[in-house]
Amino acid sequence: MLRVMSVFGTRPEAIKMCPLVKELASRPGIASLCCVTAQHRQMLDSVLNVFGVQPDCDLNIMTPRQTLSGITSKCLLGMDEAVEQLKPDLILVHGDTSTTFAGALSAFYHQVAVGHVEAGLRTYDKFSPFPEEMNRVLTSSLADMHFCPTAGNRENLIKEGHTRDLFITGNTVIDALKTTVREDYHFSTETLNALPYNEKKVLLVTCHRRENYGEPMKNILLALRQIAESRQDVELVYPVHLSPVVREAVDQYLRGAPRVHLIDPLPADEMHNLMARCYLVLTDSGGLQEEAPALGKPVLVLRRETERPEAVAAGTVKLAGVVQDDIVTMTERLLSDRSAYEAMARAVNPYGDGNACRRIADAIEWRYGLRPDPPEDYLA
Ligand code: UD1
Ligand code: UDP
């Protein structure tokens with residue numbers, strides 16, 4: 001049996017890797033192993049619970065207000081034991097977190113092959129997003145197989161000199177969405193059942209990025225306050241990330257504003273179904289930029305750049321930046337100008353067709369001689 005160990009630790013990695021762990025488990029020639037670093041604790045456990053995945057190994061590294069060096073060094077030390085215990089032939093890491101980089105580096109130290117899921121995203125700005133841009137560049141250097149969501153992602157890797165074992169698979173987040181979104185979904189969070197989705201415009205907000213800490217986050221939160229205070233036709237729902245830095249800023253600048261619902265992080269199925277019912281998404285999240293277009297919801301990105309240009313090109317995502325007036329103006333337009341809204345609110349799927357996990361598993365089987373042909377590339 002080929003022993004494939006998936007390593008992840010944060011909420012978004014878990015949402016995008018759980019479907020793959022299950023797909024690999026369905027292949028007769030593969031032993032699908034799962035090692036979580038638990039860089040996130042509660043937010044990770046919530047995802048494992050939604051997808052019904054039980055890790056074989058849990059490094060349990062999270063501490064409050066953890067530092068980048070702290071996460072990386074604890075992951076590295078923990079991974080020594082995990083590799084010894086689970087003896088993988090291939091280690092899969094996802095995306096661009098500190099868990100991703102440490103997982104790939106540890107695989108290299110143990111001379112185990114690395115597969116990088118969600119490979120090839122770039123801004124070419126070392127400090128934005130921070131530290132994610134360098135995490136993914138370094139991970140690409142360590143990887144033996146690169147699973148790129150889009151053709152553009154593969155182009156980026158080719159330009160950097162990576163020429164072998166590049167696969168265009170689509171993003172596994174679309175596979176995840178297919179299992180969570182239901183038309184007749186009933187929320188277990190009562191506030192969400194009670195929201196006036198038809199009578200008012202429900203704005204779904206998230207914000208957590210490290211490069212937005214400080215002044216940018218303050219500007220974003222004050223913009224949200226201004227919108228909520230001035231628009232009676234809006235309800236703003238914000239599941240607040242558990243990072244104490246984020247929670248303090250939200251308490252200082254947004255709490256108490258009218259028509260604002262500050263709630264705890266939602267389980268992934270609740271979040272996806274809320275997104276499917278909302279009017280507009282405002283976010284600095286990577287995952288939301290991929291999910292909302294698939295659900296036909298416009299996105300204003302609360303950042304200066306994005307490594308996900310495909311939905312911007314398709315017209316469903318716009319960069320709003322981190323200046324208060326710009327965010328207010330762009331949101332106002334989508335609230336008041338029906339044709340501007342309709343132009344953005346179209347379901348587009350540049351990030352996948354829901355078969356990314358199948359392609360990744362096929363590519364692994366092919367590389368290890370378990371199937372004669374590689375998978376067809378995903379074409380958007
Ligand atoms: C991390 C990733 C980021 C990703 C984000 C997704 C790094 C450096 N950053 O950022 O790329 O976009 O996850 O959300 O890898 N906390 C809890 N419980 C939890 C999760 C977090 O209490 O379940 C608190 C802890 O105090 C923790 C802090 O949040 O120290 C920050 O978590 P951390 O993983 O360091 O950074 P994120 O901003 O979540
Ligand atoms: N998400 C969730 N509950 C929440 C907020 C987000 O399940 O309260 C999901 C969201 O739908 C997406 C992922 O978490 O699938 C994005 O994670 P996050 O924004 O933390 O990280 P990023 O994608 O920016 O790395």
# chains A, B, ... in the order shown; residues from 1 in each chain; ligands from 1
call {"tool": "residues_around", "arguments": {"residues": "stretch 130-137 of chain A", "least_positions_apart": "3", "cutoff": "7 Å", "atoms": "only C-alpha atoms", "output": "list in words"}}
result
Gly95, Asp96, Thr97, Ser98, Phe101, Arg122, Thr123, Lys126, Phe127, Ser140, Ser141, Arg210 and Glu211 of chain A
call {"tool": "select_by_dssp", "arguments": {"residues": "stretch 44-293 of chain A", "states": "strand (DSSP E or B)", "output": "PyMOL selection string"}}
result
chain A and resi 57-58+90-94+113-117+145-148+166-168+201-206+234-239+260-263+280-283
call {"tool": "residues_near_ligand", "arguments": {"ligand": "ligand 1", "cutoff": "10 Å", "atoms": "only C-alpha atoms and all ligand atoms", "output": "PyMOL selection string"}}
result
chain A and resi 9-14+38-46+61-72+95-102+129-133+135+206-211+213+241-247+265+284-287
call {"tool": "residues_around", "arguments": {"residues": "A:Glu190", "least_positions_apart": "5", "cutoff": "12 Å", "atoms": "only C-alpha atoms", "output": "PDB file with C-alpha atoms, in the first residue's frame"}}
result
ATOM      1  CA  LEU A 195     -32.163  36.849   9.237  1.00  0.00           C
ATOM      2  CA  ILE A 263     -20.940  35.995  16.062  1.00  0.00           C
ATOM      3  CA  LEU A 266     -19.316  29.205  12.131  1.00  0.00           C
ATOM      4  CA  GLU A 270     -23.257  26.832   8.292  1.00  0.00           C
TER       5      GLU A 270
END
call {"tool": "closest_residue", "arguments": {"among": "A:Ser73, A:Glu155, A:Thr189, A:Asn355", "to": "A:Pro267", "atoms": "only C-alpha atoms"}}
result
A:Thr189
call {"tool": "closest_residue", "arguments": {"among": "A:Tyr351, A:Thr316, A:Ile360, A:Asn212", "to": "A:Val4", "atoms": "only C-alpha atoms"}}
result
A:Ile360
call {"tool": "residues_around", "arguments": {"residues": "A:Val112", "least_positions_apart": "2", "cutoff": "12 Å", "atoms": "only C-alpha atoms", "output": "PDB file with N, CA and C atoms, in the first residue's frame"}}
result
ATOM      1  N   ARG A   3       1.584   4.788   1.240  1.00  0.00           N
ATOM      2  CA  ARG A   3       1.161   5.505   2.452  1.00  0.00           C
ATOM      3  C   ARG A   3       1.230   7.014   2.191  1.00  0.00           C
ATOM      4  N   VAL A   4       0.070   7.646   2.108  1.00  0.00           N
ATOM      5  CA  VAL A   4      -0.010   9.079   1.800  1.00  0.00           C
ATOM      6  C   VAL A   4      -0.519   9.806   3.045  1.00  0.00           C
ATOM      7  N   MET A   5       0.333  10.689   3.565  1.00  0.00           N
ATOM      8  CA  MET A   5      -0.037  11.388   4.809  1.00  0.00           C
ATOM      9  C   MET A   5      -0.371  12.854   4.508  1.00  0.00           C
ATOM     10  N   MET A  79       6.461  16.949  13.895  1.00  0.00           N
ATOM     11  CA  MET A  79       6.440  16.145  12.659  1.00  0.00           C
ATOM     12  C   MET A  79       7.466  15.007  12.716  1.00  0.00           C
ATOM     13  N   ASP A  80       8.580  15.207  13.436  1.00  0.00           N
ATOM     14  CA  ASP A  80       9.575  14.127  13.571  1.00  0.00           C
ATOM     15  C   ASP A  80       8.888  12.857  14.062  1.00  0.00           C
ATOM     16  N   VAL A  83       6.197  11.388  11.487  1.00  0.00           N
ATOM     17  CA  VAL A  83       6.786  10.672  10.350  1.00  0.00           C
ATOM     18  C   VAL A  83       7.299   9.309  10.811  1.00  0.00           C
ATOM     19  N   GLU A  84       7.921   9.291  11.982  1.00  0.00           N
ATOM     20  CA  GLU A  84       8.436   8.032  12.515  1.00  0.00           C
ATOM     21  C   GLU A  84       7.298   7.033  12.749  1.00  0.00           C
ATOM     22  N   LEU A  86       4.031   7.133  11.487  1.00  0.00           N
ATOM     23  CA  LEU A  86       3.108   6.796  10.383  1.00  0.00           C
ATOM     24  C   LEU A  86       3.823   6.361   9.102  1.00  0.00           C
ATOM     25  N   LYS A  87       5.139   6.577   9.047  1.00  0.00           N
ATOM     26  CA  LYS A  87       5.975   6.098   7.941  1.00  0.00           C
ATOM     27  C   LYS A  87       5.376   6.365   6.543  1.00  0.00           C
ATOM     28  N   PRO A  88       5.139   7.643   6.214  1.00  0.00           N
ATOM     29  CA  PRO A  88       4.539   7.943   4.913  1.00  0.00           C
ATOM     30  C   PRO A  88       5.541   7.791   3.757  1.00  0.00           C
ATOM     31  N   ASP A  89       5.009   7.441   2.560  1.00  0.00           N
ATOM     32  CA  ASP A  89       5.817   7.466   1.334  1.00  0.00           C
ATOM     33  C   ASP A  89       5.712   8.836   0.676  1.00  0.00           C
ATOM     34  N   LEU A  90       4.592   9.520   0.939  1.00  0.00           N
ATOM     35  CA  LEU A  90       4.335  10.838   0.341  1.00  0.00           C
ATOM     36  C   LEU A  90       3.613  11.683   1.394  1.00  0.00           C
ATOM     37  N   ILE A  91       4.066  12.944   1.536  1.00  0.00           N
ATOM     38  CA  ILE A  91       3.396  13.864   2.460  1.00  0.00           C
ATOM     39  C   ILE A  91       2.711  14.947   1.642  1.00  0.00           C
ATOM     40  N   LEU A  92       1.421  15.169   1.900  1.00  0.00           N
ATOM     41  CA  LEU A  92       0.681  16.229   1.217  1.00  0.00           C
ATOM     42  C   LEU A  92       0.527  17.415   2.159  1.00  0.00           C
ATOM     43  N   GLY A 103       5.520  21.581   7.332  1.00  0.00           N
ATOM     44  CA  GLY A 103       5.223  20.209   6.905  1.00  0.00           C
ATOM     45  C   GLY A 103       6.109  19.801   5.738  1.00  0.00           C
ATOM     46  N   ALA A 104       6.274  20.716   4.782  1.00  0.00           N
ATOM     47  CA  ALA A 104       7.100  20.414   3.601  1.00  0.00           C
ATOM     48  C   ALA A 104       8.574  20.312   3.996  1.00  0.00           C
ATOM     49  N   LEU A 105       9.001  21.209   4.884  1.00  0.00           N
ATOM     50  CA  LEU A 105      10.410  21.189   5.313  1.00  0.00           C
ATOM     51  C   LEU A 105      10.711  19.898   6.078  1.00  0.00           C
ATOM     52  N   SER A 106       9.787  19.494   6.917  1.00  0.00           N
ATOM     53  CA  SER A 106       9.979  18.265   7.677  1.00  0.00           C
ATOM     54  C   SER A 106      10.053  17.066   6.730  1.00  0.00           C
ATOM     55  N   ALA A 107       9.176  17.036   5.731  1.00  0.00           N
ATOM     56  CA  ALA A 107       9.216  15.938   4.754  1.00  0.00           C
ATOM     57  C   ALA A 107      10.604  15.870   4.116  1.00  0.00           C
ATOM     58  N   PHE A 108      11.147  17.037   3.775  1.00  0.00           N
ATOM     59  CA  PHE A 108      12.478  17.094   3.162  1.00  0.00           C
ATOM     60  C   PHE A 108      13.541  16.548   4.132  1.00  0.00           C
ATOM     61  N   TYR A 109      13.477  16.976   5.383  1.00  0.00           N
ATOM     62  CA  TYR A 109      14.450  16.484   6.382  1.00  0.00           C
ATOM     63  C   TYR A 109      14.411  14.962   6.506  1.00  0.00           C
ATOM     64  N   HIS A 110      13.190  14.402   6.307  1.00  0.00           N
ATOM     65  CA  HIS A 110      13.047  12.939   6.411  1.00  0.00           C
ATOM     66  C   HIS A 110      13.174  12.252   5.053  1.00  0.00           C
ATOM     67  N   VAL A 114       7.100  15.220  -1.361  1.00  0.00           N
ATOM     68  CA  VAL A 114       6.093  16.213  -0.964  1.00  0.00           C
ATOM     69  C   VAL A 114       5.149  16.496  -2.131  1.00  0.00           C
ATOM     70  N   GLY A 115       3.853  16.460  -1.860  1.00  0.00           N
ATOM     71  CA  GLY A 115       2.859  16.929  -2.829  1.00  0.00           C
ATOM     72  C   GLY A 115       2.234  18.199  -2.284  1.00  0.00           C
ATOM     73  N   LEU A 142      10.283  22.909  -2.285  1.00  0.00           N
ATOM     74  CA  LEU A 142      10.442  21.617  -1.615  1.00  0.00           C
ATOM     75  C   LEU A 142       9.563  20.525  -2.233  1.00  0.00           C
ATOM     76  N   ALA A 143       8.597  20.939  -3.070  1.00  0.00           N
ATOM     77  CA  ALA A 143       7.589  19.979  -3.535  1.00  0.00           C
ATOM     78  C   ALA A 143       8.059  19.148  -4.727  1.00  0.00           C
ATOM     79  N   ASP A 144       7.578  17.892  -4.773  1.00  0.00           N
ATOM     80  CA  ASP A 144       7.844  16.989  -5.894  1.00  0.00           C
ATOM     81  C   ASP A 144       6.649  16.894  -6.828  1.00  0.00           C
TER      82      ASP A 144
END
call {"tool": "closest_residue", "arguments": {"among": "A:Gly352, A:Pro28, A:Pro239, A:Pro293", "to": "ligand 2", "atoms": "only C-alpha atoms and all ligand atoms"}}
result
A:Pro239
call {"tool": "residues_around", "arguments": {"residues": "A:Ile15", "least_positions_apart": "4", "cutoff": "9 Å", "atoms": "only C-alpha atoms", "output": "PyMOL selection string"}}
result
chain A and resi 10-11+19+44+47-48+51+172-173+176+268
call {"tool": "write_last_selection", "arguments": {"atoms": "N, CA and C atoms", "output": "PDB file, in the first residue's frame"}}
result
ATOM      1  N   THR A  10      -4.858  24.473  10.007  1.00  0.00           N
ATOM      2  CA  THR A  10      -5.761  25.620  10.161  1.00  0.00           C
ATOM      3  C   THR A  10      -7.128  25.304   9.546  1.00  0.00           C
ATOM      4  N   ARG A  11      -8.097  26.154   9.847  1.00  0.00           N
ATOM      5  CA  ARG A  11      -9.455  25.971   9.310  1.00  0.00           C
ATOM      6  C   ARG A  11      -9.491  25.819   7.783  1.00  0.00           C
ATOM      7  N   PRO A  19     -11.893  16.629   2.128  1.00  0.00           N
ATOM      8  CA  PRO A  19     -12.436  15.851   1.008  1.00  0.00           C
ATOM      9  C   PRO A  19     -11.361  14.989   0.325  1.00  0.00           C
ATOM     10  N   LEU A  44     -10.201  24.180  13.851  1.00  0.00           N
ATOM     11  CA  LEU A  44      -9.856  22.933  13.151  1.00  0.00           C
ATOM     12  C   LEU A  44     -10.830  21.825  13.549  1.00  0.00           C
ATOM     13  N   VAL A  47     -14.109  21.813  11.820  1.00  0.00           N
ATOM     14  CA  VAL A  47     -14.099  21.298  10.438  1.00  0.00           C
ATOM     15  C   VAL A  47     -14.020  19.761  10.434  1.00  0.00           C
ATOM     16  N   LEU A  48     -13.151  19.214  11.283  1.00  0.00           N
ATOM     17  CA  LEU A  48     -13.015  17.746  11.330  1.00  0.00           C
ATOM     18  C   LEU A  48     -14.365  17.116  11.660  1.00  0.00           C
ATOM     19  N   PHE A  51     -16.797  17.270   8.566  1.00  0.00           N
ATOM     20  CA  PHE A  51     -16.472  16.321   7.493  1.00  0.00           C
ATOM     21  C   PHE A  51     -16.299  14.883   8.003  1.00  0.00           C
ATOM     22  N   THR A 172      -9.867  22.124  -4.426  1.00  0.00           N
ATOM     23  CA  THR A 172     -10.670  21.159  -3.653  1.00  0.00           C
ATOM     24  C   THR A 172     -11.780  21.843  -2.843  1.00  0.00           C
ATOM     25  N   VAL A 173     -11.703  23.187  -2.715  1.00  0.00           N
ATOM     26  CA  VAL A 173     -12.754  23.879  -1.961  1.00  0.00           C
ATOM     27  C   VAL A 173     -14.097  23.732  -2.674  1.00  0.00           C
ATOM     28  N   ALA A 176     -15.531  20.570  -1.670  1.00  0.00           N
ATOM     29  CA  ALA A 176     -16.106  20.692  -0.318  1.00  0.00           C
ATOM     30  C   ALA A 176     -17.489  21.335  -0.377  1.00  0.00           C
ATOM     31  N   ALA A 268     -18.205  24.988   9.038  1.00  0.00           N
ATOM     32  CA  ALA A 268     -18.090  25.217   7.586  1.00  0.00           C
ATOM     33  C   ALA A 268     -19.426  25.074   6.864  1.00  0.00           C
TER      34      ALA A 268
END
call {"tool": "closest_residue", "arguments": {"among": "A:Asp325, A:Glu118, A:Glu310, A:Glu342", "to": "A:Leu222", "atoms": "only C-alpha atoms"}}
result
A:Asp325
